[in-house]
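Have a look at structure-v6.pdb below; it lists PDB, C-alpha atoms and all ligand atoms.
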ATOM      1  CA  MET R   8     134.645   1.869 -71.937
ATOM      2  CA  SER R   9     137.696   0.137 -73.373
ATOM      3  CA  ASP R  10     141.124   1.655 -73.748
ATOM      4  CA  PHE R  11     140.945   2.406 -77.468
ATOM      5  CA  SER R  12     144.675   3.034 -77.827
ATOM      6  CA  LYS R  13     145.312  -0.721 -77.658
ATOM      7  CA  PHE R  14     143.591  -1.496 -80.964
ATOM      8  CA  LYS R  15     145.782  -2.367 -83.946
ATOM      9  CA  ALA R  16     142.998  -3.324 -86.374
ATOM     10  CA  ALA R  17     139.216  -3.118 -86.580
ATOM     11  CA  MET R  18     136.577  -5.356 -87.985
ATOM     12  CA  PHE R  19     132.985  -4.434 -88.755
ATOM     13  CA  ASP R  20     129.857  -6.295 -89.648
ATOM     14  CA  PHE R  21     128.325  -4.463 -92.625
ATOM     15  CA  ASP R  22     124.511  -4.339 -92.636
ATOM     16  CA  GLY R  23     123.186  -2.475 -89.602
ATOM     17  CA  THR R  24     126.744  -1.702 -88.471
ATOM     18  CA  VAL R  25     128.312   0.282 -91.301
ATOM     19  CA  THR R  26     124.888   1.002 -92.814
ATOM     20  CA  VAL R  27     121.635   2.239 -91.291
ATOM     21  CA  PRO R  28     119.281  -0.761 -90.879
ATOM     22  CA  GLY R  29     117.129  -1.151 -93.965
ATOM     23  CA  ASN R  30     119.600   0.764 -96.120
ATOM     24  CA  TYR R  31     122.063  -1.302 -98.131
ATOM     25  CA  GLU R  32     124.615   1.497 -98.745
ATOM     26  CA  PRO R  33     126.918   3.375 -96.331
ATOM     27  CA  SER R  34     126.730   7.166 -95.901
ATOM     28  CA  GLN R  35     129.283   9.819 -96.808
ATOM     29  CA  GLU R  36     129.961  10.389 -93.101
ATOM     30  CA  MET R  37     130.739   6.683 -92.703
ATOM     31  CA  ALA R  38     133.020   6.683 -95.754
ATOM     32  CA  ASP R  39     134.956   9.637 -94.310
ATOM     33  CA  ALA R  40     135.309   7.925 -90.932
ATOM     34  CA  LEU R  41     136.512   4.677 -92.542
ATOM     35  CA  VAL R  42     139.098   6.495 -94.665
ATOM     36  CA  LYS R  43     140.410   8.218 -91.545
ATOM     37  CA  LEU R  44     140.634   4.884 -89.754
ATOM     38  CA  THR R  45     142.517   3.146 -92.585
ATOM     39  CA  ARG R  46     145.179   5.843 -92.295
ATOM     40  CA  LYS R  47     145.805   4.435 -88.825
ATOM     41  CA  MET R  48     145.149   0.699 -89.057
ATOM     42  CA  PRO R  49     143.925  -2.069 -91.357
ATOM     43  CA  ILE R  50     140.214  -2.785 -91.302
ATOM     44  CA  ALA R  51     137.985  -5.654 -92.366
ATOM     45  CA  PHE R  52     134.318  -5.942 -93.148
ATOM     46  CA  CYS R  53     132.841  -9.229 -91.996
ATOM     47  CA  THR R  54     129.527  -9.727 -93.709
ATOM     48  CA  GLY R  55     127.004 -12.360 -94.647
ATOM     49  CA  ARG R  56     127.058 -10.948 -98.162
ATOM     50  CA  GLN R  57     128.932 -12.572-101.012
ATOM     51  CA  LEU R  58     131.689 -10.681-102.839
ATOM     52  CA  GLU R  59     129.465  -9.356-105.646
ATOM     53  CA  SER R  60     126.782  -8.022-103.323
ATOM     54  CA  PHE R  61     129.455  -6.199-101.370
ATOM     55  CA  GLU R  62     130.980  -4.812-104.579
ATOM     56  CA  ASP R  63     127.649  -3.667-106.056
ATOM     57  CA  HIS R  64     125.933  -2.415-102.892
ATOM     58  CA  GLY R  65     128.409  -0.911-100.529
ATOM     59  CA  LEU R  66     131.780  -0.833-102.156
ATOM     60  CA  GLU R  67     130.554   1.095-105.185
ATOM     61  CA  THR R  68     129.114   3.758-102.891
ATOM     62  CA  LEU R  69     132.313   3.848-100.861
ATOM     63  CA  ILE R  70     134.399   4.298-104.020
ATOM     64  CA  LYS R  71     132.211   7.256-105.045
ATOM     65  CA  GLU R  72     132.449   8.793-101.589
ATOM     66  CA  ILE R  73     136.163   8.325-100.992
ATOM     67  CA  PRO R  74     138.472  10.961-102.516
ATOM     68  CA  LYS R  75     140.478   9.519-105.450
ATOM     69  CA  ALA R  76     143.812  10.255-103.805
ATOM     70  CA  GLU R  77     142.802   8.114-100.815
ATOM     71  CA  LEU R  78     141.415   5.119-102.700
ATOM     72  CA  GLU R  79     144.627   3.171-103.199
ATOM     73  CA  HIS R  80     145.598   3.465 -99.562
ATOM     74  CA  PHE R  81     142.059   2.554 -98.496
ATOM     75  CA  PHE R  82     142.106  -0.671-100.517
ATOM     76  CA  GLU R  83     145.575  -1.641 -99.345
ATOM     77  CA  ASN R  84     144.202  -1.548 -95.818
ATOM     78  CA  LEU R  85     140.927  -3.336 -96.479
ATOM     79  CA  VAL R  86     140.174  -7.021 -96.046
ATOM     80  CA  LEU R  87     136.787  -8.472 -96.890
ATOM     81  CA  ILE R  88     135.508 -11.461 -94.960
ATOM     82  CA  ALA R  89     132.426 -12.540 -96.871
ATOM     83  CA  GLU R  90     129.739 -15.219 -96.575
ATOM     84  CA  ASN R  91     129.585 -14.885 -92.794
ATOM     85  CA  GLY R  92     133.221 -15.900 -92.309
ATOM     86  CA  SER R  93     133.466 -18.677 -94.889
ATOM     87  CA  ILE R  94     135.626 -16.816 -97.464
ATOM     88  CA  GLY R  95     138.253 -14.084 -97.103
ATOM     89  CA  TYR R  96     139.448 -11.632 -99.783
ATOM     90  CA  LYS R  97     142.292  -9.163 -99.913
ATOM     91  CA  PHE R  98     142.605  -6.512-102.544
ATOM     92  CA  ASN R  99     145.195  -7.004-105.269
ATOM     93  CA  SER R 100     145.937  -3.477-106.494
ATOM     94  CA  SER R 101     147.936  -4.555-109.542
ATOM     95  CA  LEU R 102     144.970  -6.616-110.792
ATOM     96  CA  ASP R 103     142.456  -4.121-109.388
ATOM     97  CA  GLU R 104     140.353  -6.898-107.908
ATOM     98  CA  PHE R 105     139.686  -8.890-104.758
ATOM     99  CA  GLU R 106     141.627 -12.104-104.385
ATOM    100  CA  GLU R 107     140.492 -15.001-102.231
ATOM    101  CA  PHE R 108     142.881 -15.925 -99.410
ATOM    102  CA  TYR R 109     140.902 -18.623 -97.630
ATOM    103  CA  ARG R 110     137.718 -20.601 -98.072
ATOM    104  CA  VAL R 111     136.123 -23.305 -95.912
ATOM    105  CA  ASN R 112     134.349 -26.359 -97.266
ATOM    106  CA  TRP R 113     130.651 -27.125 -97.008
ATOM    107  CA  PRO R 114     130.048 -30.315 -94.941
ATOM    108  CA  ASP R 115     128.758 -32.395 -97.854
ATOM    109  CA  GLU R 116     128.773 -35.542 -95.749
ATOM    110  CA  ILE R 117     125.707 -34.256 -93.858
ATOM    111  CA  ILE R 118     123.714 -32.813 -96.752
ATOM    112  CA  GLY R 119     124.702 -31.432-100.155
ATOM    113  CA  ARG R 120     124.448 -27.689-100.474
ATOM    114  CA  GLU R 121     122.294 -27.753-103.617
ATOM    115  CA  GLU R 122     119.988 -30.359-102.087
ATOM    116  CA  LEU R 123     119.560 -28.254 -98.959
ATOM    117  CA  MET R 124     118.766 -25.133-100.993
ATOM    118  CA  GLN R 125     116.099 -26.896-103.056
ATOM    119  CA  ALA R 126     114.412 -28.428-100.024
ATOM    120  CA  LEU R 127     114.558 -25.241 -97.963
ATOM    121  CA  ASP R 128     113.271 -23.038-100.751
ATOM    122  CA  HIS R 129     110.029 -24.992-100.687
ATOM    123  CA  ARG R 130     109.794 -25.004 -96.892
ATOM    124  CA  ILE R 131     110.208 -21.264 -96.369
ATOM    125  CA  LYS R 132     108.197 -19.932 -99.303
ATOM    126  CA  ASP R 133     105.627 -18.125 -97.107
ATOM    127  CA  PHE R 134     108.361 -15.907 -95.666
ATOM    128  CA  GLY R 135     111.238 -15.869 -98.114
ATOM    129  CA  ARG R 136     113.232 -17.518-100.872
ATOM    130  CA  VAL R 137     116.606 -19.146-101.066
ATOM    131  CA  TYR R 138     118.977 -16.763-102.797
ATOM    132  CA  PHE R 139     120.356 -19.156-105.404
ATOM    133  CA  ARG R 140     123.740 -19.286-107.088
ATOM    134  CA  LYS R 141     125.425 -16.096-105.903
ATOM    135  CA  HIS R 142     127.150 -17.364-102.770
ATOM    136  CA  ARG R 143     130.029 -19.797-103.021
ATOM    137  CA  VAL R 144     129.862 -21.556 -99.660
ATOM    138  CA  VAL R 145     126.929 -20.483 -97.521
ATOM    139  CA  VAL R 146     123.179 -20.752 -98.075
ATOM    140  CA  VAL R 147     121.271 -17.490 -97.817
ATOM    141  CA  ILE R 148     117.536 -16.966 -97.525
ATOM    142  CA  ARG R 149     116.147 -13.530 -98.269
ATOM    143  CA  THR R 150     112.772 -12.367 -97.045
ATOM    144  CA  ASN R 151     109.789 -11.885 -99.347
ATOM    145  CA  GLU R 152     109.898  -8.241 -98.193
ATOM    146  CA  HIS R 153     113.491  -7.680 -99.353
ATOM    147  CA  GLU R 154     112.671  -4.864-101.780
ATOM    148  CA  SER R 155     109.796  -3.393 -99.735
ATOM    149  CA  GLY R 156     111.894  -0.916 -97.763
ATOM    150  CA  ASP R 157     109.749  -1.812 -94.726
ATOM    151  CA  PHE R 158     112.425  -2.699 -92.224
ATOM    152  CA  GLN R 159     109.970  -3.975 -89.587
ATOM    153  CA  ALA R 160     108.361  -6.355 -92.059
ATOM    154  CA  ILE R 161     111.771  -7.537 -93.299
ATOM    155  CA  SER R 162     112.893  -8.172 -89.738
ATOM    156  CA  ARG R 163     109.685 -10.093 -88.832
ATOM    157  CA  CYS R 164     110.028 -12.321 -91.897
ATOM    158  CA  SER R 165     113.677 -12.900 -91.103
ATOM    159  CA  ASP R 166     112.738 -14.116 -87.593
ATOM    160  CA  GLN R 167     110.199 -16.540 -89.039
ATOM    161  CA  ILE R 168     112.657 -17.884 -91.609
ATOM    162  CA  TYR R 169     115.143 -18.440 -88.792
ATOM    163  CA  GLU R 170     112.643 -20.605 -86.876
ATOM    164  CA  VAL R 171     111.777 -22.678 -89.963
ATOM    165  CA  CYS R 172     115.470 -23.218 -90.774
ATOM    166  CA  LYS R 173     116.227 -24.404 -87.241
ATOM    167  CA  GLU R 174     113.363 -26.881 -87.360
ATOM    168  CA  PHE R 175     114.417 -28.111 -90.781
ATOM    169  CA  MET R 176     118.081 -28.580 -89.898
ATOM    170  CA  ALA R 177     117.144 -30.453 -86.698
ATOM    171  CA  GLU R 178     115.137 -32.887 -88.837
ATOM    172  CA  ILE R 179     118.242 -33.588 -90.912
ATOM    173  CA  LEU R 180     120.492 -33.993 -87.893
ATOM    174  CA  PRO R 181     119.432 -33.380 -84.273
ATOM    175  CA  ASP R 182     122.859 -31.984 -83.373
ATOM    176  CA  TYR R 183     123.322 -30.101 -86.652
ATOM    177  CA  GLU R 184     125.141 -27.308 -84.794
ATOM    178  CA  ARG R 185     128.321 -29.409 -84.847
ATOM    179  CA  PHE R 186     128.388 -28.880 -88.617
ATOM    180  CA  PHE R 187     126.210 -25.869 -89.396
ATOM    181  CA  HIS R 188     125.436 -22.521 -87.826
ATOM    182  CA  ILE R 189     122.222 -20.679 -88.606
ATOM    183  CA  GLY R 190     122.413 -16.904 -88.269
ATOM    184  CA  ASN R 191     119.598 -14.368 -88.416
ATOM    185  CA  SER R 192     120.941 -11.081 -89.791
ATOM    186  CA  GLY R 193     117.611  -9.274 -89.508
ATOM    187  CA  ILE R 194     117.435  -8.988 -93.303
ATOM    188  CA  GLY R 195     117.616 -12.712 -93.938
ATOM    189  CA  VAL R 196     119.091 -15.946 -92.670
ATOM    190  CA  ILE R 197     122.458 -17.529 -93.381
ATOM    191  CA  ILE R 198     123.409 -21.158 -92.990
ATOM    192  CA  CYS R 199     127.179 -21.540 -92.903
ATOM    193  CA  PRO R 200     129.591 -24.354 -92.065
ATOM    194  CA  ALA R 201     130.223 -24.281 -88.290
ATOM    195  CA  ILE R 202     133.947 -23.890 -89.024
ATOM    196  CA  GLY R 203     133.243 -20.930 -91.328
ATOM    197  CA  ASP R 204     131.390 -18.539 -89.027
ATOM    198  CA  LYS R 205     132.463 -14.981 -88.253
ATOM    199  CA  ASN R 206     134.781 -16.121 -85.424
ATOM    200  CA  ARG R 207     136.807 -17.848 -88.144
ATOM    201  CA  GLY R 208     136.876 -14.505 -89.931
ATOM    202  CA  ILE R 209     138.512 -12.791 -86.936
ATOM    203  CA  GLN R 210     141.201 -15.471 -86.711
ATOM    204  CA  GLU R 211     141.919 -15.375 -90.458
ATOM    205  CA  PHE R 212     142.084 -11.574 -90.461
ATOM    206  CA  GLY R 213     144.450 -11.685 -87.467
ATOM    207  CA  LYS R 214     146.671 -14.335 -89.055
ATOM    208  CA  TYR R 215     146.747 -12.349 -92.292
ATOM    209  CA  LEU R 216     147.899  -9.227 -90.442
ATOM    210  CA  VAL R 217     150.606 -11.179 -88.597
ATOM    211  CA  GLY R 218     151.865 -12.818 -91.799
ATOM    212  CA  ASN R 219     151.547  -9.924 -94.241
ATOM    213  CA  ARG R 220     151.864  -6.836 -92.085
ATOM    214  CA  GLY R 221     154.079  -8.051 -89.275
ATOM    215  CA  ILE R 222     151.539  -6.864 -86.704
ATOM    216  CA  GLU R 223     151.851  -8.558 -83.327
ATOM    217  CA  PHE R 224     148.838  -9.525 -81.263
ATOM    218  CA  SER R 225     148.336 -10.993 -77.814
ATOM    219  CA  LYS R 226     146.468 -14.275 -77.495
ATOM    220  CA  ASN R 227     143.140 -14.429 -79.383
ATOM    221  CA  PHE R 228     143.714 -11.119 -81.164
ATOM    222  CA  LYS R 229     142.363  -8.902 -78.371
ATOM    223  CA  GLU R 230     143.818  -5.860 -80.165
ATOM    224  CA  ILE R 231     141.271  -6.259 -82.951
ATOM    225  CA  LEU R 232     138.134  -4.231 -82.265
ATOM    226  CA  VAL R 233     135.095  -6.180 -83.447
ATOM    227  CA  ALA R 234     131.698  -4.519 -83.923
ATOM    228  CA  GLY R 235     128.345  -5.897 -85.028
ATOM    229  CA  ASP R 236     124.631  -5.502 -84.394
ATOM    230  CA  ARG R 237     123.269  -9.056 -83.930
ATOM    231  CA  PRO R 238     125.138 -10.632 -80.980
ATOM    232  CA  GLU R 239     122.124 -12.425 -79.487
ATOM    233  CA  GLU R 240     121.738 -16.198 -79.688
ATOM    234  CA  GLY R 241     120.697 -16.970 -83.263
ATOM    235  CA  GLY R 242     121.953 -13.594 -84.509
ATOM    236  CA  ASN R 243     124.534 -13.684 -87.286
ATOM    237  CA  ASP R 244     127.042 -11.896 -85.024
ATOM    238  CA  PHE R 245     126.652 -14.406 -82.172
ATOM    239  CA  TYR R 246     130.021 -16.054 -82.869
ATOM    240  CA  PHE R 247     131.563 -12.758 -84.031
ATOM    241  CA  LEU R 248     130.890 -11.030 -80.724
ATOM    242  CA  ASP R 249     131.092 -13.857 -78.179
ATOM    243  CA  GLY R 250     134.423 -12.475 -76.964
ATOM    244  CA  LYS R 251     136.502 -15.536 -77.775
ATOM    245  CA  TYR R 252     138.487 -13.567 -80.385
ATOM    246  CA  GLY R 253     138.980  -9.824 -80.593
ATOM    247  CA  THR R 254     137.355  -7.246 -78.315
ATOM    248  CA  PRO R 255     133.623  -7.146 -79.049
ATOM    249  CA  PHE R 256     131.236  -4.189 -79.145
ATOM    250  CA  THR R 257     127.538  -4.289 -79.920
ATOM    251  CA  VAL R 258     126.044  -1.499 -81.989
ATOM    252  CA  GLY R 259     122.675  -3.236 -82.026
ATOM    253  CA  ASN R 260     121.016  -5.787 -79.790
ATOM    254  CA  LEU R 261     122.152  -6.209 -76.204
ATOM    255  CA  CYS R 262     123.117  -9.578 -74.861
ATOM    256  CA  PRO R 263     123.144  -9.583 -71.053
ATOM    257  CA  LYS R 264     124.502 -13.149 -70.855
ATOM    258  CA  ASN R 265     127.702 -12.096 -72.614
ATOM    259  CA  ASP R 266     129.659 -10.010 -70.128
ATOM    260  CA  LEU R 267     132.602  -9.443 -72.477
ATOM    261  CA  LEU R 268     130.381  -7.562 -74.891
ATOM    262  CA  GLU R 269     130.306  -3.776 -74.498
ATOM    263  CA  PRO R 270     127.565  -1.440 -75.695
ATOM    264  CA  VAL R 271     128.702   1.871 -77.204
ATOM    265  CA  ILE R 272     128.267   4.811 -74.822
ATOM    266  CA  ASP R 273     129.160   8.341 -75.904
ATOM    267  CA  ILE R 274     130.797  11.024 -73.754
ATOM    268  CA  ASP R 275     127.383  12.180 -72.462
ATOM    269  CA  GLY R 276     126.536   8.680 -71.280
ATOM    270  CA  GLU R 277     124.080   8.067 -74.118
ATOM    271  CA  ARG R 278     123.934   4.657 -75.739
ATOM    272  CA  LEU R 279     124.554   4.807 -79.480
ATOM    273  CA  THR R 280     123.438   2.248 -82.043
ATOM    274  CA  HIS R 281     124.130   1.164 -85.621
ATOM    275  CA  ASP R 282     126.107   3.541 -87.910
ATOM    276  CA  LYS R 283     126.219   6.269 -85.232
ATOM    277  CA  ALA R 284     127.798   3.879 -82.750
ATOM    278  CA  THR R 285     130.275   2.654 -85.356
ATOM    279  CA  ILE R 286     131.282   6.219 -86.234
ATOM    280  CA  PHE R 287     131.786   6.901 -82.527
ATOM    281  CA  LEU R 288     133.989   3.796 -82.123
ATOM    282  CA  ILE R 289     136.045   4.925 -85.115
ATOM    283  CA  SER R 290     136.386   8.429 -83.670
ATOM    284  CA  GLN R 291     137.760   6.904 -80.450
ATOM    285  CA  MET R 292     140.390   4.991 -82.429
ATOM    286  CA  THR R 293     141.396   7.926 -84.610
ATOM    287  CA  SER R 294     141.532  10.678 -81.974
TER     288      SER R 294
HETATM  289 MG    MG R 301     124.355  -6.826 -89.225
END

Have the structure of the file written as structure tokens, please.
Amino acid sequence: MSDFSKFKAAMFDFDGTVTVPGNYEPSQEMADALVKLTRKMPIAFCTGRQLESFEDHGLETLIKEIPKAELEHFFENLVLIAENGSIGYKFNSSLDEFEEFYRVNWPDEIIGREELMQALDHRIKDFGRVYFRKHRVVVVIRTNEHESGDFQAISRCSDQIYEVCKEFMAEILPDYERFFHIGNSGIGVIICPAIGDKNRGIQEFGKYLVGNRGIEFSKNFKEILVAGDRPEEGGNDFYFLDGKYGTPFTVGNLCPKNDLLEPVIDIDGERLTHDKATIFLISQMTS
């Protein structure tokens, strides 16, 4: 596996990477590992969620699980890349809130965002619903099984929504991928501006660390460890983990075509996945 001593920052997808699939909150063990890591380097979460979903389901748990004395330091070293890479937030400790530091625009010249949401909501109703009004840039479709707790059913619905979205976008514009990316997160589907995918998130996080922390990186931020669980084509970590920026690890699906992408193998040669793999990666960077 990689030489972990080279990493100067780390970036994690949230659902299925920091959390167990099907569970929307991180564990105490994960919170402890993340606190330990932020003592050593800045971290970012790069998630399809919007700010409020991260704050209510994830951050709130982390705040409860992180010792009070560590909280300030934790937040100083945390960046949130939300909406699949379309918006970045840093924490402003004097205001006690997240502050936006970049946002990409929706390509209105192809189709208006509201118009797309209305039309899609009708098209996908057998499998899911458009999640209206919470996101600022991206369009998110949740499965009809969202609250069921049945991860298999959620994942199946998510796959079907992905297929319908692809078909629909191709009707609008055959080469829609120049303007939009569609990502299947396994718990829903995200349509984001092509310039606002998770690879944008890595670059913005890197630039932020150069500008605000004086951290130096080699070309394409190879000293940022990047981990996610959906690197396959169509997955919402496809552009996150394609190896163009950062050093990518998969804690979920394998992607044989991508030879820059490493699975996570423990000291006994066992392959680890999801939160266990992420905790192992963190242990390698903190030991
Ligand atoms: Mg994920």

Closest atom pairs, residues of segment 102-161 of chain R within 9 Å of segment 177-187 of chain R, all atoms listed in the file, as CSV:
residue,atom,partner,partner_atom,distance
R:Trp113,CA,R:Phe186,CA,8.9
R:Pro114,CA,R:Phe186,CA,6.7
R:Ile117,CA,R:Leu180,CA,7.9
R:Ile118,CA,R:Ile179,CA,8.0

For this session: For Ser100 of chain R, work out the shell of residues within 12 Å, counting only C-alpha atoms and skipping chain neighbours fewer than 5 positions away, then give it as JSON, numbers by chain.
Result: {"R": [78, 79, 80, 81, 82, 83, 84, 85, 105, 106]}

Exercise. For the point (139.3, -12.3, -96.9) in file coordinates, what residues are within 8 Å, counting all atoms listed in the file? Give the answer as a VMD selection string?
Worked result: chain R and resid 86 to 89 94 to 97 106 to 109 208 211 to 212

Problem set entry | Result set, the PyMOL selection byres (((chain R and resi 52) around 7) and not hetatm) on current file, as a VMD selection string | chain R and resid 18 to 21 50 to 51 53 to 54 86 to 88

Exercise. Using all atoms listed in the file, which of the listed residues (R:Ile197, R:Ala38, R:Ile231, R:Val111) sits closest to Met124 of chain R?
Worked result: R:Ile197

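Minimum atom-to-atom distances from R:Ile198, R:Ile289, R:Ala284, R:Val145 to Gly242 of chain R were compared using all atoms listed in the file, and the lowest value belongs to R:Ile198.
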
For this session: Report as a PyMOL selection string the full result of the PyMOL selection byres (((not hetatm)) within 12 of (chain R and resi 301)) when it is applied to this structure.
Result: chain R and resi 19-31+52-56+91+162+190-197+205+234-239+242-245+247-248+257-260+280-282+285

Using the file's own x, y and z axes, so that the box edges lie along x, y and z, what centre and edge lengths in Å (one decimal) does a box around every listed atom of segment 169-177 of chain R get when 4 Å is added on each side? Give it as JSON.
{"center_x": 114.9, "center_y": -24.4, "center_z": -88.7, "size_x": 14.3, "size_y": 20.0, "size_z": 12.1}

For this session: Extract, using all atoms listed in the file, all DNA, RNA and protein residues at most 10 Å from Asp249 of chain R, discarding same-chain residues fewer than 4 positions from it, and format them as a PyMOL selection string.
Result: chain R and resi 206+238-240+244-245+253-256+262+264-268

Exercise. Skipping near chain neighbours, those fewer than 5 positions away, what residues fall within 10 Å of Arg130 of chain R using only C-alpha atoms, listed as a PyMOL selection string?
Worked result: chain R and resi 124-125+135-137+168+171-172+175

For this session: Would you kindly return, as a ChimeraX atom specification, each protein, DNA or RNA residue with an atom no farther than 9 Å from any atom of Ile272 of chain R, considering only C-alpha atoms and excluding same-chain residues fewer than 4 positions away?
Result: /R:8,276-279,284,287

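Taken over the shown file, the PyMOL selection byres (((chain R and resi 224) around 10) and not hetatm) identifies Phe14, Lys15, Ala16, Gly213, Lys214, Leu216, Val217, Gly221, Ile222, Glu223, Ser225, Lys226, Asn227, Phe228, Lys229, Glu230, Ile231 and Gly253 of chain R.
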